[in-house]
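Okay, my_file04.txt is below, compact mmCIF, C-alpha atoms and all ligand atoms:
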# COMPACT_ATOMS: atom_id res chain seq x y z
CA MET X 1 -48.30 -8.36 -10.10
CA LEU X 2 -45.25 -9.16 -12.07
CA LEU X 3 -43.77 -6.19 -13.88
CA ILE X 4 -42.87 -7.43 -17.32
CA TRP X 5 -41.95 -4.16 -18.97
CA GLY X 6 -39.66 -1.35 -17.88
CA PHE X 7 -36.74 0.80 -18.75
CA LYS X 8 -33.06 0.16 -18.68
CA VAL X 9 -30.08 2.35 -19.42
CA ARG X 10 -27.42 0.81 -21.63
CA VAL X 11 -24.10 2.30 -22.45
CA ARG X 12 -22.63 2.09 -25.91
CA LEU X 13 -18.87 2.34 -26.16
CA MET X 14 -17.77 5.18 -28.44
CA GLY X 15 -14.03 5.12 -27.93
CA SER X 16 -11.44 5.66 -25.28
CA THR X 17 -9.09 8.35 -24.09
CA THR X 18 -6.59 9.05 -21.35
CA PHE X 19 -8.04 11.16 -18.58
CA PHE X 20 -7.34 12.10 -14.98
CA CYS X 21 -9.58 9.85 -12.87
CA PRO X 22 -10.50 11.74 -9.68
CA THR X 23 -11.30 8.45 -7.92
CA CYS X 24 -8.00 6.74 -8.75
CA GLY X 25 -6.11 10.03 -8.46
CA GLY X 26 -4.08 9.46 -11.60
CA ASP X 27 -4.06 9.19 -15.39
CA ARG X 28 -6.24 6.29 -16.56
CA GLU X 29 -7.83 4.93 -19.66
CA GLY X 30 -11.37 6.24 -19.89
CA ARG X 31 -14.05 4.62 -22.01
CA LEU X 32 -16.34 7.12 -23.66
CA GLY X 33 -19.89 6.01 -23.87
CA THR X 34 -23.32 7.17 -24.85
CA ALA X 35 -26.02 6.21 -22.38
CA ARG X 36 -29.33 5.41 -23.96
CA ARG X 37 -32.59 4.45 -22.30
CA TRP X 38 -34.28 1.34 -23.65
CA PHE X 39 -37.75 0.08 -23.31
CA THR X 40 -37.60 -3.44 -21.98
CA PHE X 41 -39.97 -6.31 -22.14
CA PHE X 42 -39.31 -9.28 -19.90
CA TRP X 43 -36.08 -7.49 -18.98
CA ILE X 44 -34.93 -7.61 -22.56
CA PRO X 45 -34.20 -4.21 -24.11
CA ILE X 46 -36.26 -4.06 -27.27
CA ILE X 47 -36.84 -0.41 -28.18
CA PRO X 48 -34.07 2.16 -28.03
CA LEU X 49 -35.28 5.45 -26.58
CA LYS X 50 -33.55 8.76 -26.08
CA VAL X 51 -29.88 9.18 -25.41
CA VAL X 52 -29.76 10.25 -21.77
CA GLY X 53 -26.23 11.47 -21.80
CA GLU X 54 -22.62 10.82 -22.45
CA LEU X 55 -20.24 9.52 -19.90
CA VAL X 56 -16.69 8.52 -19.24
CA GLN X 57 -15.96 5.33 -17.38
CA CYS X 58 -12.60 4.65 -15.77
CA SER X 59 -11.33 1.29 -16.99
CA THR X 60 -9.48 0.78 -13.70
CA CYS X 61 -11.99 1.64 -10.97
CA GLN X 62 -15.10 1.53 -13.24
CA THR X 63 -16.40 4.82 -11.83
CA ARG X 64 -18.60 6.70 -14.28
CA PHE X 65 -18.22 10.44 -14.72
CA GLU X 66 -19.81 13.27 -16.63
CA PRO X 67 -17.87 14.18 -19.80
CA SER X 68 -16.75 17.39 -18.02
CA VAL X 69 -14.17 15.20 -16.23
CA LEU X 70 -12.21 15.26 -19.50
CA GLN X 71 -11.62 18.99 -19.13
CA ARG X 72 -9.42 18.37 -16.15
CA PRO X 73 -5.80 18.13 -17.33
CA THR X 74 -4.15 14.73 -17.12
CA THR X 75 -1.07 14.47 -14.94
CA ALA X 76 1.07 14.20 -18.06
CA SER X 77 -0.46 17.23 -19.74
CA LEU X 78 -0.47 19.11 -16.44
CA SER X 79 3.26 18.67 -16.04
CA GLU X 80 3.80 20.03 -19.54
CA VAL X 81 1.46 22.94 -18.87
CA LEU X 82 3.24 23.57 -15.57
CA SER X 83 6.69 23.58 -17.20
CA ASN X 84 5.54 26.03 -19.84
CA ALA X 85 3.87 28.27 -17.28
CA VAL X 86 6.92 28.28 -14.98
CA ARG X 87 9.17 29.15 -17.90
CA VAL X 88 7.00 31.83 -19.49
CA VAL X 89 5.86 33.53 -16.31
CA THR X 90 9.33 33.49 -14.75
CA VAL X 91 10.64 35.21 -17.88
CA MET X 92 7.80 37.73 -17.50
CA VAL X 93 8.92 38.48 -13.94
CA VAL X 94 12.41 39.29 -15.22
CA ARG X 95 11.01 41.30 -18.08
CA THR X 96 8.77 43.43 -15.85
CA GLY X 97 11.78 44.25 -13.67
CA ASP X 98 15.30 45.40 -14.53
CA TRP X 99 16.51 42.74 -17.02
CA SER X 100 20.14 43.64 -16.52
CA LEU X 101 20.32 42.49 -12.88
CA PRO X 102 22.50 39.34 -12.82
CA ALA X 103 21.08 38.14 -9.47
CA MET X 104 17.53 38.19 -10.76
CA ARG X 105 18.52 36.54 -14.04
CA SER X 106 20.34 33.73 -12.31
CA ALA X 107 17.43 33.18 -9.89
CA ALA X 108 15.13 32.94 -12.91
CA VAL X 109 17.43 30.57 -14.78
CA GLY X 110 17.71 28.39 -11.65
CA ASP X 111 13.91 28.11 -11.30
CA VAL X 112 13.24 27.41 -14.97
CA ALA X 113 16.09 24.87 -15.22
CA VAL X 114 14.22 22.69 -12.72
CA VAL X 115 11.43 22.14 -15.26
CA VAL X 116 13.33 22.79 -18.50
CA PRO X 117 16.65 20.93 -18.29
CA GLY X 118 19.54 22.83 -19.84
CA TYR X 119 17.89 26.23 -19.51
CA ASP X 120 20.56 28.94 -19.35
CA ASP X 121 21.06 32.69 -19.54
CA ALA X 122 21.28 32.67 -23.34
CA THR X 123 17.88 30.94 -23.55
CA LEU X 124 16.54 33.46 -21.06
CA GLU X 125 17.80 36.26 -23.28
CA SER X 126 15.93 34.97 -26.30
CA ASP X 127 12.83 34.23 -24.19
CA LEU X 128 12.90 37.83 -22.93
CA ALA X 129 12.61 39.05 -26.50
CA ALA X 130 9.82 36.59 -27.33
CA VAL X 131 7.54 36.64 -24.30
CA ASP X 132 4.82 39.22 -23.77
CA PRO X 133 3.65 39.66 -20.14
CA ALA X 134 0.11 40.14 -21.49
CA TRP X 135 0.02 36.37 -22.11
CA ALA X 136 0.31 35.47 -18.45
CA GLU X 137 -3.32 34.49 -18.00
CA GLN X 138 -3.46 32.10 -20.92
CA TYR X 139 -0.42 30.19 -19.69
CA VAL X 140 -1.55 30.07 -16.08
CA ALA X 141 -5.30 29.45 -16.51
CA PRO X 142 -5.01 25.69 -17.22
CA LEU X 143 -3.31 25.26 -13.83
CA ALA X 144 -6.22 26.72 -11.85
CA ASP X 145 -8.04 23.36 -11.71
CA GLY X 146 -5.04 21.09 -11.72
CA LEU X 147 -2.94 22.50 -8.90
CA GLU X 148 -3.63 22.10 -5.20
CA VAL X 149 -3.59 25.29 -3.10
CA ALA X 150 -0.10 24.47 -1.83
CA GLY X 151 1.12 24.22 -5.43
CA LYS X 152 -0.43 27.57 -6.29
CA GLU X 153 1.20 29.20 -3.26
CA ARG X 154 4.53 27.70 -4.22
CA PHE X 155 4.16 28.98 -7.79
CA VAL X 156 3.49 32.57 -6.67
CA ALA X 157 6.18 32.38 -3.97
CA ASP X 158 8.84 31.18 -6.44
CA LEU X 159 8.00 34.06 -8.79
CA THR X 160 8.19 36.51 -5.90
CA ARG X 161 11.63 35.18 -4.96
CA VAL X 162 12.87 35.73 -8.51
CA ALA X 163 11.59 39.32 -8.44
CA LEU X 164 13.17 39.89 -5.01
CA ALA X 165 16.51 38.63 -6.25
CA GLY X 166 16.57 41.96 -8.10
CA GLY X 167 16.38 43.72 -4.72
CA THR X 168 12.77 44.77 -4.87
CA VAL X 169 9.40 43.79 -6.29
CA THR X 170 8.61 46.48 -8.87
CA ASP X 171 5.06 47.72 -9.42
CA ASP X 172 4.91 45.91 -12.75
CA GLN X 173 6.15 42.69 -11.15
CA ARG X 174 3.59 43.04 -8.38
CA ARG X 175 0.82 43.47 -10.96
CA LEU X 176 2.06 40.36 -12.75
CA LEU X 177 2.05 38.38 -9.48
CA ASP X 178 -1.53 39.57 -8.91
CA THR X 179 -2.58 38.46 -12.36
CA VAL X 180 -0.96 35.06 -11.90
CA GLY X 181 -2.48 34.58 -8.45
CA ARG X 182 -5.94 35.67 -9.53
CA THR X 183 -5.82 33.42 -12.59
CA LEU X 184 -4.94 30.52 -10.28
CA GLY X 185 -8.05 31.35 -8.25
CA LEU X 186 -6.32 32.87 -5.23
CA THR X 187 -7.88 35.88 -3.50
CA PRO X 188 -6.06 39.26 -3.48
CA ALA X 189 -5.54 38.90 0.29
CA HIS X 190 -4.02 35.44 -0.19
CA ILE X 191 -1.65 36.72 -2.89
CA THR X 192 -0.60 39.65 -0.70
CA GLY X 193 0.04 37.21 2.14
CA ILE X 194 2.25 34.97 -0.02
CA VAL X 195 4.26 37.94 -1.33
CA ALA X 196 4.60 39.43 2.15
CA SER X 197 5.83 36.17 3.66
CA VAL X 198 8.46 35.74 0.93
CA VAL X 199 9.60 39.34 1.43
CA ALA X 200 9.74 38.84 5.21
CA ALA X 201 11.81 35.66 4.78
CA SER X 202 14.25 37.14 2.29
CA PRO X 203 17.72 37.67 3.76
CA SER X 204 18.57 41.38 4.14
CA PRO X 205 17.33 42.92 0.90
CA PRO X 206 19.63 45.65 -0.46
CA ARG X 207 16.83 48.18 -0.15
CA PRO X 208 13.33 48.02 1.33
CA PRO X 209 11.08 46.17 -1.10
CA ALA X 210 8.23 48.24 -2.49
CA ILE X 211 5.08 46.19 -2.13
CA ASP X 212 1.82 47.69 -3.29
CA PRO X 213 -0.84 47.44 -0.63
CA PRO X 214 -4.03 45.89 -1.95
CA ALA X 215 -6.44 48.42 -3.41
CA GLY X 216 -8.58 50.08 -0.79
CA HIS X 217 -6.27 49.17 2.06
CA ALA X 218 -3.59 51.82 1.67
CA PRO X 219 -1.95 52.50 5.02
CA PRO X 220 -2.28 56.09 6.27
CA SER X 221 0.80 58.08 5.27
ZN ZN U 301 -10.48 5.32 -11.75
Entire entry expressed as structure tokens:
Amino acid sequence: MLLIWGFKVRVRLMGSTTFFCPTCGGDREGRLGTARRWFTFFWIPIIPLKVVGELVQCSTCQTRFEPSVLQRPTTASLSEVLSNAVRVVTVMVVRTGDWSLPAMRSAAVGDVAVVVPGYDDATLESDLAAVDPAWAEQYVAPLADGLEVAGKERFVADLTRVALAGGTVTDDQRRLLDTVGRTLGLTPAHITGIVASVVAASPSPPRPPAIDPPAGHAPPS
């Protein structure tokens, strides 16, 4: 028997936006559409039925995604988010240690200057007055989805190196590193491992670095 009626899903274009296409692996134009089911007769859609969902279609590879794909930062926005996070959190590392140490300040300026051209000690000084370490999570959180594990490790390791340039990782700095690592989605053991490997690789620290053991794993004294 010939089936002369049926259903068909048609997509209506609602607009377009730039998004990070996971299939292409880069920023692409995405077409936003509403998918609606139609009742068809002789394969011709005649009665519009319910909207079955919204979608985003990559205009390059044509892959269709759920709208949640738009929550992932684009490469362009990710690089801006990353620059801001590197700047703000590096300043927080200095602020939670002894601000007056020139070695730590210059390590911080060196790291931030990579992402913020022209960054210098005077800018650091004004950032120190403006940045509150309590904001760490909100600056770092957008990176949790956008950075690969290697990028997250590098981020925490760079911060640890800045802290160590002051001779030791203070308790406050260690707590900040924990907050940053956890916000990035790293486990406490992973964070401890990154910090420990940076400390182990640091050339002859002036005094033994004080690293908090993870809670519940205090070595017997
Ligand atoms: Zn694509």
Taking all atoms listed in the file into account, list the residues no farther than 10 Å from ligand ZN 301 (chain U), as a ChimeraX atom specification.
/X:19-30,57-65
What does the structure give for the distance between CA of Gly185 in chain X and CA of Asp172 in chain X, in Å to one decimal?
20.0 Å
Between X:Asp145, X:Asp132, X:Asp171, X:Glu54, single out the one closest to Gly97 in chain X, counting all atoms listed in the file.
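Looking only at the distances to Gly97 in chain X, the closest residue turns out to be X:Asp171.
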Would you mind listing what lies within 7 Å of Val89 in chain X as a list in words, with all atoms listed in the file counted and same-chain residues fewer than 4 positions away left out?
Ala85, Val93 and Ala136 of chain X
Mind giving me the straight-line distance from CA of Asp158 in chain X to CA of Ala134 in chain X in Å, one decimal?
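Pair CA of Asp158 in chain X / CA of Ala134 in chain X returns 19.6 Å.
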Here is a test: counting only C-alpha atoms, which residue of X:Trp38, X:Ile4, X:Val116, X:Pro67 is nearest to Ser16 in chain X?
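Selected residue with least distance to Ser16 in chain X: X:Pro67.
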Determine the nearest neighbour of Ser68 in chain X from the options X:Leu32, X:Ile46, X:Ala103, X:Ala165, counting only C-alpha atoms.
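Going through X:Leu32, X:Ile46, X:Ala103, X:Ala165 one by one, the smallest distance to Ser68 in chain X is for X:Leu32.
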What lies within 12 Å of Phe155 in chain X using all atoms listed in the file, ignoring chain neighbours under 3 positions off, as a PyMOL selection string?
chain X and resi 82-83+85-87+89-90+111-112+140+143-144+147-152+158-162+177+180-181+183-184+186+191+194-195+198
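Here CA of Ala200 in chain X stands at a distance of 15.5 Å from CA of Arg154 in chain X.
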Quick one: of X:Arg95, X:Arg72, X:Arg12, X:Arg182, who's nearest to Gly53 in chain X, counting all atoms listed in the file?
X:Arg12
Using only C-alpha atoms, can you tell me which of X:Ser100, X:Ala141, X:Val91, X:Thr75 comes closest to Tyr119 in chain X?
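Result for the nearest residue to Tyr119 in chain X: X:Val91.
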Smallest atom-to-atom distance to Thr187 in chain X: which of X:Ser106, X:Pro133, X:Glu153, X:Trp5, using all atoms listed in the file?
X:Glu153
Could all heavy atoms be built for range 25-36 of chain X and written out as a PDB file, in the frame of the given file?
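Contents of out_4.pdb, freshly written:
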ATOM      1  N   GLY X  25      -7.124   9.012  -8.735  1.00  0.00           N
ATOM      2  CA  GLY X  25      -6.110  10.030  -8.460  1.00  0.00           C
ATOM      3  C   GLY X  25      -4.937   9.953  -9.409  1.00  0.00           C
ATOM      4  O   GLY X  25      -3.801  10.250  -9.027  1.00  0.00           O
ATOM      5  N   GLY X  26      -5.176   9.531 -10.640  1.00  0.00           N
ATOM      6  CA  GLY X  26      -4.080   9.460 -11.600  1.00  0.00           C
ATOM      7  C   GLY X  26      -4.601   9.354 -13.027  1.00  0.00           C
ATOM      8  O   GLY X  26      -5.812   9.287 -13.259  1.00  0.00           O
ATOM      9  N   ASP X  27      -3.673   9.331 -13.988  1.00  0.00           N
ATOM     10  CA  ASP X  27      -4.060   9.190 -15.390  1.00  0.00           C
ATOM     11  C   ASP X  27      -4.528   7.759 -15.641  1.00  0.00           C
ATOM     12  O   ASP X  27      -3.845   6.806 -15.269  1.00  0.00           O
ATOM     13  CB  ASP X  27      -2.867   9.504 -16.308  1.00  0.00           C
ATOM     14  CG  ASP X  27      -2.490  10.981 -16.254  1.00  0.00           C
ATOM     15  OD1 ASP X  27      -3.218  11.748 -15.599  1.00  0.00           O
ATOM     16  OD2 ASP X  27      -1.474  11.343 -16.854  1.00  0.00           O
ATOM     17  N   ARG X  28      -5.672   7.608 -16.276  1.00  0.00           N
ATOM     18  CA  ARG X  28      -6.240   6.290 -16.560  1.00  0.00           C
ATOM     19  C   ARG X  28      -6.831   6.264 -17.962  1.00  0.00           C
ATOM     20  O   ARG X  28      -7.064   7.295 -18.562  1.00  0.00           O
ATOM     21  CB  ARG X  28      -7.363   5.963 -15.550  1.00  0.00           C
ATOM     22  CG  ARG X  28      -6.921   5.826 -14.118  1.00  0.00           C
ATOM     23  CD  ARG X  28      -6.093   4.571 -13.899  1.00  0.00           C
ATOM     24  NE  ARG X  28      -5.740   4.392 -12.507  1.00  0.00           N
ATOM     25  CZ  ARG X  28      -4.615   4.849 -11.943  1.00  0.00           C
ATOM     26  NH1 ARG X  28      -3.746   5.527 -12.661  1.00  0.00           N
ATOM     27  NH2 ARG X  28      -4.364   4.641 -10.670  1.00  0.00           N
ATOM     28  N   GLU X  29      -7.093   5.046 -18.420  1.00  0.00           N
ATOM     29  CA  GLU X  29      -7.830   4.930 -19.660  1.00  0.00           C
ATOM     30  C   GLU X  29      -9.313   5.136 -19.348  1.00  0.00           C
ATOM     31  O   GLU X  29      -9.844   4.520 -18.430  1.00  0.00           O
ATOM     32  CB  GLU X  29      -7.638   3.541 -20.287  1.00  0.00           C
ATOM     33  CG  GLU X  29      -8.262   3.471 -21.669  1.00  0.00           C
ATOM     34  CD  GLU X  29      -8.635   2.057 -22.094  1.00  0.00           C
ATOM     35  OE1 GLU X  29      -8.532   1.116 -21.279  1.00  0.00           O
ATOM     36  OE2 GLU X  29      -9.059   1.900 -23.240  1.00  0.00           O
ATOM     37  N   GLY X  30      -9.944   6.018 -20.089  1.00  0.00           N
ATOM     38  CA  GLY X  30     -11.370   6.240 -19.890  1.00  0.00           C
ATOM     39  C   GLY X  30     -12.134   5.787 -21.107  1.00  0.00           C
ATOM     40  O   GLY X  30     -11.742   6.077 -22.233  1.00  0.00           O
ATOM     41  N   ARG X  31     -13.211   5.035 -20.887  1.00  0.00           N
ATOM     42  CA  ARG X  31     -14.050   4.620 -22.010  1.00  0.00           C
ATOM     43  C   ARG X  31     -15.162   5.648 -22.167  1.00  0.00           C
ATOM     44  O   ARG X  31     -15.851   5.973 -21.205  1.00  0.00           O
ATOM     45  CB  ARG X  31     -14.642   3.240 -21.752  1.00  0.00           C
ATOM     46  CG  ARG X  31     -13.577   2.171 -21.603  1.00  0.00           C
ATOM     47  CD  ARG X  31     -14.206   0.791 -21.693  1.00  0.00           C
ATOM     48  NE  ARG X  31     -13.280  -0.199 -21.198  1.00  0.00           N
ATOM     49  CZ  ARG X  31     -13.352  -0.735 -19.979  1.00  0.00           C
ATOM     50  NH1 ARG X  31     -14.327  -0.388 -19.161  1.00  0.00           N
ATOM     51  NH2 ARG X  31     -12.459  -1.624 -19.605  1.00  0.00           N
ATOM     52  N   LEU X  32     -15.296   6.137 -23.388  1.00  0.00           N
ATOM     53  CA  LEU X  32     -16.340   7.120 -23.660  1.00  0.00           C
ATOM     54  C   LEU X  32     -17.569   6.387 -24.102  1.00  0.00           C
ATOM     55  O   LEU X  32     -17.503   5.519 -24.980  1.00  0.00           O
ATOM     56  CB  LEU X  32     -15.889   8.065 -24.781  1.00  0.00           C
ATOM     57  CG  LEU X  32     -14.512   8.697 -24.626  1.00  0.00           C
ATOM     58  CD1 LEU X  32     -14.177   9.546 -25.852  1.00  0.00           C
ATOM     59  CD2 LEU X  32     -14.466   9.535 -23.375  1.00  0.00           C
ATOM     60  N   GLY X  33     -18.665   6.715 -23.505  1.00  0.00           N
ATOM     61  CA  GLY X  33     -19.890   6.010 -23.870  1.00  0.00           C
ATOM     62  C   GLY X  33     -21.069   6.945 -24.004  1.00  0.00           C
ATOM     63  O   GLY X  33     -21.083   8.052 -23.494  1.00  0.00           O
ATOM     64  N   THR X  34     -22.057   6.465 -24.751  1.00  0.00           N
ATOM     65  CA  THR X  34     -23.320   7.170 -24.850  1.00  0.00           C
ATOM     66  C   THR X  34     -24.346   6.328 -24.106  1.00  0.00           C
ATOM     67  O   THR X  34     -24.497   5.131 -24.389  1.00  0.00           O
ATOM     68  CB  THR X  34     -23.765   7.299 -26.314  1.00  0.00           C
ATOM     69  OG1 THR X  34     -22.697   7.892 -27.039  1.00  0.00           O
ATOM     70  CG2 THR X  34     -24.996   8.159 -26.436  1.00  0.00           C
ATOM     71  N   ALA X  35     -25.015   6.945 -23.149  1.00  0.00           N
ATOM     72  CA  ALA X  35     -26.020   6.210 -22.380  1.00  0.00           C
ATOM     73  C   ALA X  35     -27.381   6.416 -23.032  1.00  0.00           C
ATOM     74  O   ALA X  35     -27.809   7.539 -23.272  1.00  0.00           O
ATOM     75  CB  ALA X  35     -26.033   6.709 -20.942  1.00  0.00           C
ATOM     76  N   ARG X  36     -28.026   5.332 -23.321  1.00  0.00           N
ATOM     77  CA  ARG X  36     -29.330   5.410 -23.960  1.00  0.00           C
ATOM     78  C   ARG X  36     -30.346   4.601 -23.140  1.00  0.00           C
ATOM     79  O   ARG X  36     -30.045   3.526 -22.631  1.00  0.00           O
ATOM     80  CB  ARG X  36     -29.253   4.842 -25.382  1.00  0.00           C
ATOM     81  CG  ARG X  36     -30.546   4.968 -26.168  1.00  0.00           C
ATOM     82  CD  ARG X  36     -30.445   4.254 -27.492  1.00  0.00           C
ATOM     83  NE  ARG X  36     -29.508   4.851 -28.421  1.00  0.00           N
ATOM     84  CZ  ARG X  36     -29.801   5.890 -29.216  1.00  0.00           C
ATOM     85  NH1 ARG X  36     -30.979   6.452 -29.161  1.00  0.00           N
ATOM     86  NH2 ARG X  36     -28.913   6.335 -30.056  1.00  0.00           N
TER      87      ARG X  36
END
